[in-house]
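Read through the structure below, which is laid out as structure tokens, and then see the notes.
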Amino acid sequence: MIDLLALCTFNAAYAHAIDSDALEQWPGFFTPDCHYRITHVENEQEGLAAGIVYADSRAMLEDRIAALREANIYERQRYRHLLGIPLLESADAGAARARTPFIVVRIMATGQTEVFATGVYRDRFVRQDGKLLLAERVAICDSTVTDTLMALPL
Amino acid sequence: MREQPIHWRSPALTRIPYSIYTDRELPSLEQERIFRGNVWNYLCLEAELPDTGSYRTTFAGETPVVVVRDGDNEIYAFENRCAHRGALIALEKSGKAENFQCVYHAWSYNRQGDLTGVAFEKGVKGQGGMPPDFCKEEHGPRKLRIATFSGLVFGSFSEDVPGIEEYLGDEICQRIERVMHKPVEVIGRFTQALPNNWKLYMENVKDSYHASLLHLFFTTFELNRLSQKGGVIVDESGGHHVSFSMIDTTAEKDSSYKDQALRSDNDRYRLKDPSLLAGFTEYNDGVTLQILSVFPGFVLQQIQNCLAVRQVLPKDVDRTELNWTYFGYTDDTPEQRKVRLKQSNLVGPAGFISMEDGAVGGFVQRGIAGASDMQAVVEMGGDHAGSSEGRATETSVRGFWKAYRHHMGA
């Protein structure tokens with residue numbers, strides 16, 4: 001049975017990977033054929049499928065991290081994720097669906113610190129080879145606006 | 001001579017005074033002379049107003065606007081400002097309306113922006129009410145002229161601006177029609193808040209010189225095709241441009257191509273999931289990238305199969321709102337739609353080849369603090385502002401300033 005504690009533990013490790021700049025670990029939280037998307041409530045309500053980030057494989061997530069490391073240019077910055085308690089919608093031994101609220105604060109190299117994104121992860125977890133993984137994570141932001149640019153993932 | 005807060009030292013378009021991005025008197029003059037002047041402002045896609053009563057609230061520069069389809073199937077637009085006290089008439093971003101009613105004192109308007117009802121106009125029990133000579137026809141929000149072209153809806157406050165096709169010119173018209181050649185459908189909307197003056201973003205859009213220098217995604221992953229050629233088209237006014245690149249069929253056969261394939265054997269810099277860029281031939285002209293801008297603040301983009309319009313709205317001297325509307329065609333197959341969704345990773349606030357554009361305007365805005373008497377250099381490709389072969393040029397940036405100075409009388 002996948003329970004609340006398992007999801008909280010998973011999410012804590014997920015947030016830590018991003019916030020501690022261990023970005024190379026981030027794709028490892030997903031299944032090889034995962035879906036990951038960053039969008040906002042209005043697109044979701046209207047059924048508009050596009051995302052700020054749109055991936056349908058773990059390899060695409062790995063490519064995104066490689067691009068952030070090697071290609072894309074952005075000012076040094078960090079995130080601090082604060083994740084709420086997952087709202088467990090369904091769960092059994094092999095799969096679970098949950099919604100977890102998030103606040104992400106962005107800390108720029110200048111020291112400027114501000115709420116960058118709030119929203120909810122709409123998740124589908126599966127257990128593969130005994131390991132809990134995300135088959136799908138849609139980060140639905142509450143605001144339609146992204147300040148300046150989004151480099152690091154949510 | 002019209003009032004000019006900014007001193008241009010010469011008629012040349014190769015030097016841009018930095019104060020043009022920071023002067024606090026300038027924004028209101030720009031609103032008057034440009035956005036409410038002799039220009040066409042992009043408002044929305046026709047596809048976003050599908051039915052009678054469909055409306056969107058948007059902006060022409062800073063001015064809030066309602067754009068709506070009426071029962072005669074025509075599109076109308078009027079200021080989103082109640083004629084009574086100036087409150088917003090419509091609060092939602094979009095919807096469907098029989099008519100509009102201001103929430104403050106319930107003054108109501110039809111879908112063409114005519115004032116049709118004044119609450120308690122005759123008073124209550126013989127008390128109060130508007131004077132008998134109050135004429136509703138003489139009151140109302142300002143109406144915009146509307147022009148639609150290829151599914152794009154433009155609005156203007158000017159009676160003098162030429163028709164949309166004359167405004168755009170033949171070449172720009174053709175390049176818009178090339179992309180908007182069949183019905184489109186919105187697949188996502190995103191807004192990016194830019195920490196810089198609106199003109200810095202428009203210059204960035206027009207600047208074909210920076211593309212391969214700032215945006216390293218294609219070069220890092222060796223996705224650039226050496227056998228590409230490109231060019232820049234600038235219209236006569238200078239304000240509109242197209243920058244494009246296309247497959248050069250003659251170079252396709254030369255050996256530089258094979259050399260590149262060899263270097264790509266380096267696994268470290270190869271996409272693990274190349275399906276990101278697995279596209280399909282959309283147009284039969286070999287053009288894989290076309291960035292088109294219309295003065296003052298509209299962009300139409302084709303990057304491979306990734307299609308979008310962008311609306312650039314000044315919000316303050318150092319703040320700009322960039323509204324992205326991603327679209328596909330209504331007759332896309334599911335596979336084609338999937339390609340667009342995946343390629344949309346290239347653009348937008350987190351785009352592999354556009355995220356830098358969100359920040360670089362802010363780098364300029366911060367960099368020029370304390371340098372209001374200095375100037376930027378825009379001399380790549382000479383001093384002219386006409387069309388050009390190759391993309392290592394700033395000709396369309398100079399074109400922007402040519403149009404800007406014309407409208408500002410500077």
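Residues are referred to by chain and number: the chain letter is A, B, ... according to the order shown in the structure tokens, the number counts from 1 in that chain, and ligands are numbered separately from 1 in the order shown.
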Contact set, chain B to chain A: 8 Å, only C-alpha atoms, as an MDAnalysis selection string: chainID B and resid 186:195 214:217 220 271:273 276 326 341:342 344:345 348:353 355:356 358:359
Include N, CA and C atoms and write out the residues we just selected as a compact mmCIF listing (two decimals), in the first residue's frame.
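Result file selection.txt:
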# COMPACT_ATOMS: atom_id res chain seq x y z
N VAL B 186 -6.12 27.75 -30.49
CA VAL B 186 -5.19 28.03 -29.38
C VAL B 186 -4.90 26.75 -28.62
N ILE B 187 -3.63 26.50 -28.29
CA ILE B 187 -3.30 25.32 -27.50
C ILE B 187 -2.68 25.69 -26.14
N GLY B 188 -2.49 26.97 -25.89
CA GLY B 188 -1.98 27.38 -24.57
C GLY B 188 -1.68 28.86 -24.55
N ARG B 189 -1.80 29.44 -23.36
CA ARG B 189 -1.47 30.87 -23.19
C ARG B 189 -0.58 31.01 -21.97
N PHE B 190 0.45 31.81 -22.11
CA PHE B 190 1.35 32.06 -20.98
C PHE B 190 1.76 33.53 -20.98
N THR B 191 1.94 34.07 -19.80
CA THR B 191 2.38 35.46 -19.69
C THR B 191 3.74 35.49 -19.01
N GLN B 192 4.61 36.30 -19.54
CA GLN B 192 5.94 36.47 -18.98
C GLN B 192 6.08 37.93 -18.58
N ALA B 193 6.48 38.16 -17.33
CA ALA B 193 6.68 39.53 -16.84
C ALA B 193 8.15 39.87 -17.05
N LEU B 194 8.42 40.84 -17.92
CA LEU B 194 9.81 41.17 -18.27
C LEU B 194 10.27 42.38 -17.46
N PRO B 195 11.46 42.31 -16.88
CA PRO B 195 11.93 43.41 -16.02
C PRO B 195 12.63 44.51 -16.82
N LEU B 214 23.61 34.37 -28.11
CA LEU B 214 22.99 34.29 -26.79
C LEU B 214 22.33 32.93 -26.57
N HIS B 215 21.70 32.41 -27.61
CA HIS B 215 20.95 31.16 -27.46
C HIS B 215 21.83 30.00 -27.92
N LEU B 216 22.37 29.28 -26.96
CA LEU B 216 23.38 28.27 -27.30
C LEU B 216 22.81 26.86 -27.40
N PHE B 217 21.50 26.74 -27.26
CA PHE B 217 20.91 25.40 -27.24
C PHE B 217 21.20 24.64 -28.53
N THR B 220 25.08 24.04 -28.89
CA THR B 220 25.62 23.09 -27.92
C THR B 220 25.28 21.66 -28.31
N LEU B 271 21.17 15.13 -27.71
CA LEU B 271 19.90 14.96 -27.01
C LEU B 271 19.63 13.48 -26.80
N LYS B 272 19.22 13.14 -25.58
CA LYS B 272 18.87 11.74 -25.31
C LYS B 272 17.52 11.40 -25.91
N ASP B 273 16.68 12.41 -26.00
CA ASP B 273 15.38 12.17 -26.63
C ASP B 273 15.21 13.16 -27.77
N LEU B 276 12.19 15.56 -29.37
CA LEU B 276 11.88 16.97 -29.11
C LEU B 276 11.78 17.75 -30.42
N TYR B 326 0.08 30.14 -27.88
CA TYR B 326 0.55 29.04 -28.74
C TYR B 326 -0.65 28.53 -29.53
N LEU B 341 3.36 20.41 -29.27
CA LEU B 341 3.47 20.48 -27.81
C LEU B 341 4.91 20.23 -27.37
N LYS B 342 5.57 19.29 -28.02
CA LYS B 342 6.95 19.00 -27.63
C LYS B 342 7.89 20.13 -28.05
N SER B 344 7.16 23.12 -28.25
CA SER B 344 6.92 24.34 -27.46
C SER B 344 7.93 24.45 -26.31
N ASN B 345 8.68 23.38 -26.04
CA ASN B 345 9.80 23.49 -25.10
C ASN B 345 10.86 24.48 -25.58
N GLY B 348 8.77 30.35 -25.05
CA GLY B 348 8.09 30.70 -23.80
C GLY B 348 9.08 30.96 -22.67
N PRO B 349 8.56 31.14 -21.44
CA PRO B 349 9.40 31.56 -20.32
C PRO B 349 10.50 30.55 -19.97
N ALA B 350 10.29 29.26 -20.31
CA ALA B 350 11.31 28.25 -20.02
C ALA B 350 11.86 27.67 -21.32
N GLY B 351 11.72 28.40 -22.41
CA GLY B 351 12.09 27.86 -23.71
C GLY B 351 13.59 27.69 -23.89
N PHE B 352 13.98 26.57 -24.46
CA PHE B 352 15.41 26.30 -24.68
C PHE B 352 16.07 27.40 -25.51
N ILE B 353 15.30 27.99 -26.44
CA ILE B 353 15.91 29.06 -27.25
C ILE B 353 15.24 30.40 -27.01
N MET B 355 14.44 31.41 -23.35
CA MET B 355 14.43 31.85 -21.94
C MET B 355 15.38 33.02 -21.73
N GLU B 356 16.49 33.04 -22.46
CA GLU B 356 17.46 34.12 -22.28
C GLU B 356 16.86 35.49 -22.64
N GLY B 358 14.05 36.54 -21.94
CA GLY B 358 13.31 37.07 -20.80
C GLY B 358 14.19 37.84 -19.84
N ALA B 359 15.47 37.50 -19.83
CA ALA B 359 16.39 38.10 -18.86
C ALA B 359 17.26 39.19 -19.46
Pick out the residues sitting within 6 Å of region 290-296 of chain B, and hand them over as a PDB file with all heavy atoms, in the first residue's frame; count only C-alpha atoms, and ignore anything fewer than 6 positions along from it in its own chain.
ATOM      1  N   GLY B 239       9.151  49.670 -39.307  1.00  0.00           N
ATOM      2  CA  GLY B 239       8.569  49.137 -38.074  1.00  0.00           C
ATOM      3  C   GLY B 239       8.255  47.659 -38.083  1.00  0.00           C
ATOM      4  O   GLY B 239       8.126  47.059 -37.026  1.00  0.00           O
ATOM      5  N   HIS B 240       8.101  47.089 -39.268  1.00  0.00           N
ATOM      6  CA  HIS B 240       7.760  45.667 -39.338  1.00  0.00           C
ATOM      7  C   HIS B 240       8.950  44.913 -39.933  1.00  0.00           C
ATOM      8  O   HIS B 240       9.665  45.436 -40.770  1.00  0.00           O
ATOM      9  CB  HIS B 240       6.531  45.421 -40.216  1.00  0.00           C
ATOM     10  CG  HIS B 240       5.476  46.480 -40.107  1.00  0.00           C
ATOM     11  ND1 HIS B 240       5.020  46.945 -38.890  1.00  0.00           N
ATOM     12  CD2 HIS B 240       4.799  47.173 -41.062  1.00  0.00           C
ATOM     13  CE1 HIS B 240       4.094  47.869 -39.110  1.00  0.00           C
ATOM     14  NE2 HIS B 240       3.955  48.045 -40.413  1.00  0.00           N
ATOM     15  N   HIS B 241       9.095  43.680 -39.518  1.00  0.00           N
ATOM     16  CA  HIS B 241      10.228  42.924 -40.046  1.00  0.00           C
ATOM     17  C   HIS B 241       9.911  41.436 -40.105  1.00  0.00           C
ATOM     18  O   HIS B 241       8.981  40.950 -39.454  1.00  0.00           O
ATOM     19  CB  HIS B 241      11.483  43.153 -39.186  1.00  0.00           C
ATOM     20  CG  HIS B 241      11.761  42.019 -38.233  1.00  0.00           C
ATOM     21  ND1 HIS B 241      10.932  41.720 -37.162  1.00  0.00           N
ATOM     22  CD2 HIS B 241      12.758  41.088 -38.200  1.00  0.00           C
ATOM     23  CE1 HIS B 241      11.416  40.676 -36.508  1.00  0.00           C
ATOM     24  NE2 HIS B 241      12.509  40.267 -37.103  1.00  0.00           N
ATOM     25  N   VAL B 242      10.694  40.738 -40.884  1.00  0.00           N
ATOM     26  CA  VAL B 242      10.696  39.279 -40.899  1.00  0.00           C
ATOM     27  C   VAL B 242      12.149  38.845 -40.895  1.00  0.00           C
ATOM     28  O   VAL B 242      12.954  39.357 -41.669  1.00  0.00           O
ATOM     29  CB  VAL B 242      10.035  38.707 -42.182  1.00  0.00           C
ATOM     30  CG1 VAL B 242      10.136  37.187 -42.184  1.00  0.00           C
ATOM     31  CG2 VAL B 242       8.600  39.145 -42.291  1.00  0.00           C
ATOM     32  N   SER B 243      12.483  37.938 -40.013  1.00  0.00           N
ATOM     33  CA  SER B 243      13.789  37.321 -40.068  1.00  0.00           C
ATOM     34  C   SER B 243      13.552  35.831 -40.269  1.00  0.00           C
ATOM     35  O   SER B 243      12.680  35.252 -39.628  1.00  0.00           O
ATOM     36  CB  SER B 243      14.533  37.639 -38.766  1.00  0.00           C
ATOM     37  OG  SER B 243      15.287  36.566 -38.357  1.00  0.00           O
ATOM     38  N   PHE B 244      14.281  35.245 -41.192  1.00  0.00           N
ATOM     39  CA  PHE B 244      13.983  33.846 -41.501  1.00  0.00           C
ATOM     40  C   PHE B 244      15.255  33.077 -41.795  1.00  0.00           C
ATOM     41  O   PHE B 244      16.294  33.645 -42.123  1.00  0.00           O
ATOM     42  CB  PHE B 244      13.027  33.749 -42.715  1.00  0.00           C
ATOM     43  CG  PHE B 244      13.630  34.252 -44.003  1.00  0.00           C
ATOM     44  CD1 PHE B 244      14.239  33.378 -44.884  1.00  0.00           C
ATOM     45  CD2 PHE B 244      13.596  35.602 -44.316  1.00  0.00           C
ATOM     46  CE1 PHE B 244      14.808  33.839 -46.068  1.00  0.00           C
ATOM     47  CE2 PHE B 244      14.154  36.073 -45.494  1.00  0.00           C
ATOM     48  CZ  PHE B 244      14.760  35.188 -46.372  1.00  0.00           C
ATOM     49  N   GLN B 302       7.122  31.320 -36.247  1.00  0.00           N
ATOM     50  CA  GLN B 302       7.185  29.916 -36.656  1.00  0.00           C
ATOM     51  C   GLN B 302       8.603  29.449 -36.403  1.00  0.00           C
ATOM     52  O   GLN B 302       9.540  29.911 -37.046  1.00  0.00           O
ATOM     53  CB  GLN B 302       6.882  29.720 -38.156  1.00  0.00           C
ATOM     54  CG  GLN B 302       7.085  28.277 -38.628  1.00  0.00           C
ATOM     55  CD  GLN B 302       7.848  28.153 -39.952  1.00  0.00           C
ATOM     56  OE1 GLN B 302       7.927  29.084 -40.730  1.00  0.00           O
ATOM     57  NE2 GLN B 302       8.420  26.984 -40.182  1.00  0.00           N
TER      58      GLN B 302
END
Please provide the set of residues having any atom within 8 Å of Thr63 (chain B), restricted to only C-alpha atoms, with same-chain residues fewer than 2 positions apart removed, written as a list of chain:residue names.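 Counting only C-alpha atoms, the residues come to B:Phe59, B:Ala60, B:Gly61, B:Val65, B:Glu79, B:Asn80.
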If you keep C-alpha atoms, can you produce a file of those selected residues as a compact mmCIF listing (two decimals), in the first residue's frame?
# COMPACT_ATOMS: atom_id res chain seq x y z
CA PHE B 59 -4.93 46.08 -24.12
CA ALA B 60 -3.91 48.53 -26.80
CA GLY B 61 -0.69 49.66 -25.18
CA VAL B 65 -9.94 47.20 -24.37
CA GLU B 79 -12.22 50.97 -24.34
CA ASN B 80 -12.85 48.90 -21.21
Give me, please, the distance in Å between CA of Val377 (chain B) and CA of Val232 (chain B), quoted to one decimal.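 According to the coordinates, CA of Val377 (chain B) and CA of Val232 (chain B) are separated by 19.3 Å.
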What's the separation between CA of His105 (chain B) and CA of Phe134 (chain B), in Å to one decimal place? 16.3 Å
